[in-house]
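What follows is a short report on a single structure.
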Amino acid sequence: MALRDILKIPDKRLRLVSELVKRIDASIRALADDMFETMYDAPGIGLAAIQLGVAKRVVVMDLSKKGEAHKPQVFINPEITWASKETSTHEEGCLSIPDYYEEVERPLLVKVKYLDLEGKTHEIEADGLFATCLQHEIDHTNGVLFIDHISKLKRDRVIKKFTKAAKAEKSAKKTVEA
Ligand code: K1U
Ligand code: ZN
């Protein structure tokens, strides 16, 4: 297991469409282990492989409450097969956009088909935070970020802030190297 760096906006890799996993082998199991270690350390409740720079359709999640036993879940090649017309609004955050939270409107209920680490197919119906988190993570596998669901004014403002911070970090690194 290894703790990996989480990509932050404006990293262009966050906009890639991830590839389907064709074979669930040791490399996918090791990737899932690293994703859990990184997600728990952050801390977060979900993570998509592309947030670690790996463009594969792998998502991990743990919605257990503080003090409860961990409930790790892995979703390989997750796809939304049905979404309700009724919507709900939830506050969302993203480990690739640290310390930024906004309300996002999404379908209230979704059905999601996916493979587990044994390659077994499942189809589940999700509501509440589970539905929100699944939609947020499946968006990541398609290069979509939760800020794409908010107003352009707010999105442009947060992208500008993180672009400025990334430039400052790059220039500080150059100064240390020189
Ligand atoms: O995909 C990600 O960037 C992870 C993200 C998942 C998510 C959160 C909220 C709504 C939709 C999707 C996070 O985990 S952000 C951090 C967070 O929500 C959290 C952190 C510590 C404790 C509880 C929640
Ligand atoms: Zn996210």
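Simple scheme: letters A, B, ... for chains in structure tokens order, numbers from 1 for residues in each chain, numbers from 1 for ligands in the order shown.
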
Do you know which residues are at most 12 Å from range 118-127 of chain A counting only C-alpha atoms, after dropping those on the same chain fewer than 4 positions away, and could you put them as a ChimeraX atom specification?
-> /A:21-26,28-29,74-84,86-90,106-114,131-135

For the contact check between chain A and ligand 2, emit one row per residue of chain A within 9 Å, containing the shortest atom pair and the distance in Å rounded to one decimal, counting only C-alpha atoms and all ligand atoms, chain then rising number order, as a Markdown table.
| residue | atom | partner | partner_atom_place_in_ligand_line | distance |
| --- | --- | --- | --- | --- |
| A:Gly46 | CA | ligand 2 | 1 (Zn) | 7.5 |
| A:Leu47 | CA | ligand 2 | 1 (Zn) | 6.7 |
| A:Ala48 | CA | ligand 2 | 1 (Zn) | 7.5 |
| A:Gln51 | CA | ligand 2 | 1 (Zn) | 7.7 |
| A:Glu92 | CA | ligand 2 | 1 (Zn) | 8.4 |
| A:Gly93 | CA | ligand 2 | 1 (Zn) | 6.6 |
| A:Cys94 | CA | ligand 2 | 1 (Zn) | 3.7 |
| A:Leu95 | CA | ligand 2 | 1 (Zn) | 5.5 |
| A:Ser96 | CA | ligand 2 | 1 (Zn) | 5.9 |
| A:Ile97 | CA | ligand 2 | 1 (Zn) | 7.4 |
| A:Cys133 | CA | ligand 2 | 1 (Zn) | 8.7 |
| A:His136 | CA | ligand 2 | 1 (Zn) | 6.2 |
| A:Glu137 | CA | ligand 2 | 1 (Zn) | 6.3 |
| A:Asp139 | CA | ligand 2 | 1 (Zn) | 8.4 |
| A:His140 | CA | ligand 2 | 1 (Zn) | 6.6 |
| A:Leu145 | CA | ligand 2 | 1 (Zn) | 6.5 |
| A:Phe146 | CA | ligand 2 | 1 (Zn) | 6.9 |

Tell me which protein, DNA and RNA residues are within 8 Å of Lys71 in chain A, counting only C-alpha atoms, leaving out same-chain ones fewer than 4 positions away, and put them as a VMD selection string.
-> chain A and resid 62 to 64

Go ahead and save the residues from that selection, with N, CA and C atoms, as an mmCIF file, in the first residue's frame.
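Saved the output as selection-v3.cif:
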data_model
loop_
_atom_site.group_PDB
_atom_site.id
_atom_site.type_symbol
_atom_site.label_atom_id
_atom_site.label_comp_id
_atom_site.auth_asym_id
_atom_site.auth_seq_id
_atom_site.Cartn_x
_atom_site.Cartn_y
_atom_site.Cartn_z
ATOM 1 N N ASP A 62 -16.180 5.138 1.006
ATOM 2 C CA ASP A 62 -16.497 4.637 2.348
ATOM 3 C C ASP A 62 -17.382 5.676 3.025
ATOM 4 N N LEU A 63 -18.654 5.336 3.175
ATOM 5 C CA LEU A 63 -19.619 6.292 3.737
ATOM 6 C C LEU A 63 -19.917 5.992 5.199
ATOM 7 N N SER A 64 -19.044 5.200 5.851
ATOM 8 C CA SER A 64 -19.275 4.906 7.274
ATOM 9 C C SER A 64 -19.117 6.186 8.092
#

Find the distance between CA of Gly143 in chain A and CA of Ser18 in chain A and write it in Å to one decimal.
->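 Taking CA of Gly143 in chain A and CA of Ser18 in chain A, their separation equals 7.5 Å.
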
Residue neighbourhood Arg13 in chain A, 9 Å, only C-alpha atoms, exclusion window fewer than 4 positions, as a ChimeraX atom specification = /A:7,17,50-51,53-55,143

Convert the current residue selection to file output with N, CA and C atoms, as a tab-separated table (two decimals), in the first residue's frame.
chain	number	residue	atom	x	y	z
A	7	LEU	N	-4.18	14.75	-7.49
A	7	LEU	CA	-4.10	15.85	-8.45
A	7	LEU	C	-5.09	16.94	-8.04
A	17	VAL	N	-10.99	11.28	-20.04
A	17	VAL	CA	-12.01	10.25	-19.91
A	17	VAL	C	-11.26	8.95	-19.63
A	50	ILE	N	-8.51	8.56	-11.45
A	50	ILE	CA	-7.91	9.68	-12.20
A	50	ILE	C	-7.40	10.76	-11.25
A	51	GLN	N	-7.94	10.82	-10.04
A	51	GLN	CA	-7.45	11.83	-9.07
A	51	GLN	C	-6.03	11.50	-8.62
A	53	GLY	N	-4.03	10.28	-11.01
A	53	GLY	CA	-3.35	10.32	-12.31
A	53	GLY	C	-3.46	9.03	-13.10
A	54	VAL	N	-4.31	8.11	-12.63
A	54	VAL	CA	-4.47	6.81	-13.32
A	54	VAL	C	-5.83	6.82	-14.04
A	55	ALA	N	-5.78	6.84	-15.39
A	55	ALA	CA	-7.02	7.00	-16.17
A	55	ALA	C	-7.73	5.66	-16.38
A	143	GLY	N	-14.11	12.78	-16.72
A	143	GLY	CA	-13.42	14.07	-16.81
A	143	GLY	C	-14.27	15.26	-16.40

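Comparing the minimum interatomic distances between ligand 1 and each of A:Glu102, A:Asp156, A:Asp34, A:Glu177, counting only C-alpha atoms and all ligand atoms, we find that A:Glu102 sits nearest.
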
The residue from A:Leu20, A:Ile9, A:Met1, A:Met39 with the smallest atom-to-atom distance to ligand 1, counting only C-alpha atoms and all ligand atoms, is A:Met39

Determine which residues of range 27-148 of chain A DSSP labels as helix (DSSP H, G or I) from the backbone of this structure, then write them out as number ranges by chain.
-> A: 27-41, 49-52, 128-141, 146-148

Atoms kept (C-alpha atoms) for selection, written as an mmCIF file, in the first residue's frame:
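Once written, out_10.cif looks like this:
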data_model
loop_
_atom_site.group_PDB
_atom_site.id
_atom_site.type_symbol
_atom_site.label_atom_id
_atom_site.label_comp_id
_atom_site.auth_asym_id
_atom_site.auth_seq_id
_atom_site.Cartn_x
_atom_site.Cartn_y
_atom_site.Cartn_z
ATOM 1 C CA SER A 27 -2.333 -4.161 -10.494
ATOM 2 C CA ILE A 28 -6.009 -3.139 -10.133
ATOM 3 C CA ARG A 29 -6.161 -4.580 -6.593
ATOM 4 C CA ALA A 30 -2.955 -2.673 -5.676
ATOM 5 C CA LEU A 31 -4.418 0.503 -7.207
ATOM 6 C CA ALA A 32 -7.610 0.104 -5.105
ATOM 7 C CA ASP A 33 -5.465 -0.400 -1.949
ATOM 8 C CA ASP A 34 -3.508 2.800 -2.684
ATOM 9 C CA MET A 35 -6.750 4.670 -3.380
ATOM 10 C CA PHE A 36 -8.191 3.638 0.003
ATOM 11 C CA GLU A 37 -4.999 4.612 1.837
ATOM 12 C CA THR A 38 -4.962 8.001 0.082
ATOM 13 C CA MET A 39 -8.707 8.606 0.598
ATOM 14 C CA TYR A 40 -8.620 7.763 4.331
ATOM 15 C CA ASP A 41 -5.529 9.939 4.818
ATOM 16 C CA ALA A 49 -8.397 6.657 -9.906
ATOM 17 C CA ILE A 50 -7.906 9.678 -12.196
ATOM 18 C CA GLN A 51 -7.449 11.828 -9.072
ATOM 19 C CA LEU A 52 -4.197 9.870 -8.606
ATOM 20 C CA GLY A 128 -29.021 10.264 -0.382
ATOM 21 C CA LEU A 129 -25.281 10.811 0.062
ATOM 22 C CA PHE A 130 -24.584 7.444 -1.623
ATOM 23 C CA ALA A 131 -26.324 8.626 -4.839
ATOM 24 C CA THR A 132 -24.547 12.008 -4.690
ATOM 25 C CA CYS A 133 -21.120 10.463 -4.125
ATOM 26 C CA LEU A 134 -21.582 7.833 -6.864
ATOM 27 C CA GLN A 135 -22.574 10.534 -9.363
ATOM 28 C CA HIS A 136 -19.628 12.735 -8.285
ATOM 29 C CA GLU A 137 -17.139 9.843 -8.697
ATOM 30 C CA ILE A 138 -18.617 8.599 -12.007
ATOM 31 C CA ASP A 139 -18.323 12.196 -13.253
ATOM 32 C CA HIS A 140 -14.572 12.025 -12.407
ATOM 33 C CA THR A 141 -14.213 8.903 -14.615
ATOM 34 C CA PHE A 146 -18.550 19.084 -9.537
ATOM 35 C CA ILE A 147 -17.739 22.716 -10.359
ATOM 36 C CA ASP A 148 -19.076 21.994 -13.882
#

Atom 22 (C, counted along the ligand's line) of ligand 1 to CA of Lys164 in chain A measures 26.5 Å

Based on DSSP run over this structure's backbone, return all residues of range 64-140 of chain A in strand (DSSP E), as a ChimeraX atom specification.
-> /A:73-83,87-94,97-107,110-115,121-126

Minimum-distance residue to ligand 1, chosen among A:Val158, A:Met61, A:Ala178, A:Leu117 (using only C-alpha atoms and all ligand atoms) | A:Met61

Could you state the separation of atom 10 (C, counted along the ligand's line) of ligand 1 and CA of Thr163 in chain A in Å, given to one decimal place?
-> 22.6 Å

Compare A:Tyr100, A:Lys66, A:Glu91, A:Ile6 by their minimum atom-to-atom distance to Ile159 in chain A, counting only C-alpha atoms, and give me the closest one.
->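 The closest residue to Ile159 in chain A is A:Tyr100.
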
Taking into account only C-alpha atoms and all ligand atoms, which residue in the set A:Lys174, A:Arg15, A:Lys8, A:Lys154 is nearest to ligand 1?
->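 Result for the nearest residue to ligand 1: A:Lys8.
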
Taking into account only C-alpha atoms and all ligand atoms, which residue in the set A:Arg4, A:Lys65, A:Lys12, A:His70 is nearest to ligand 1?
-> A:Lys65
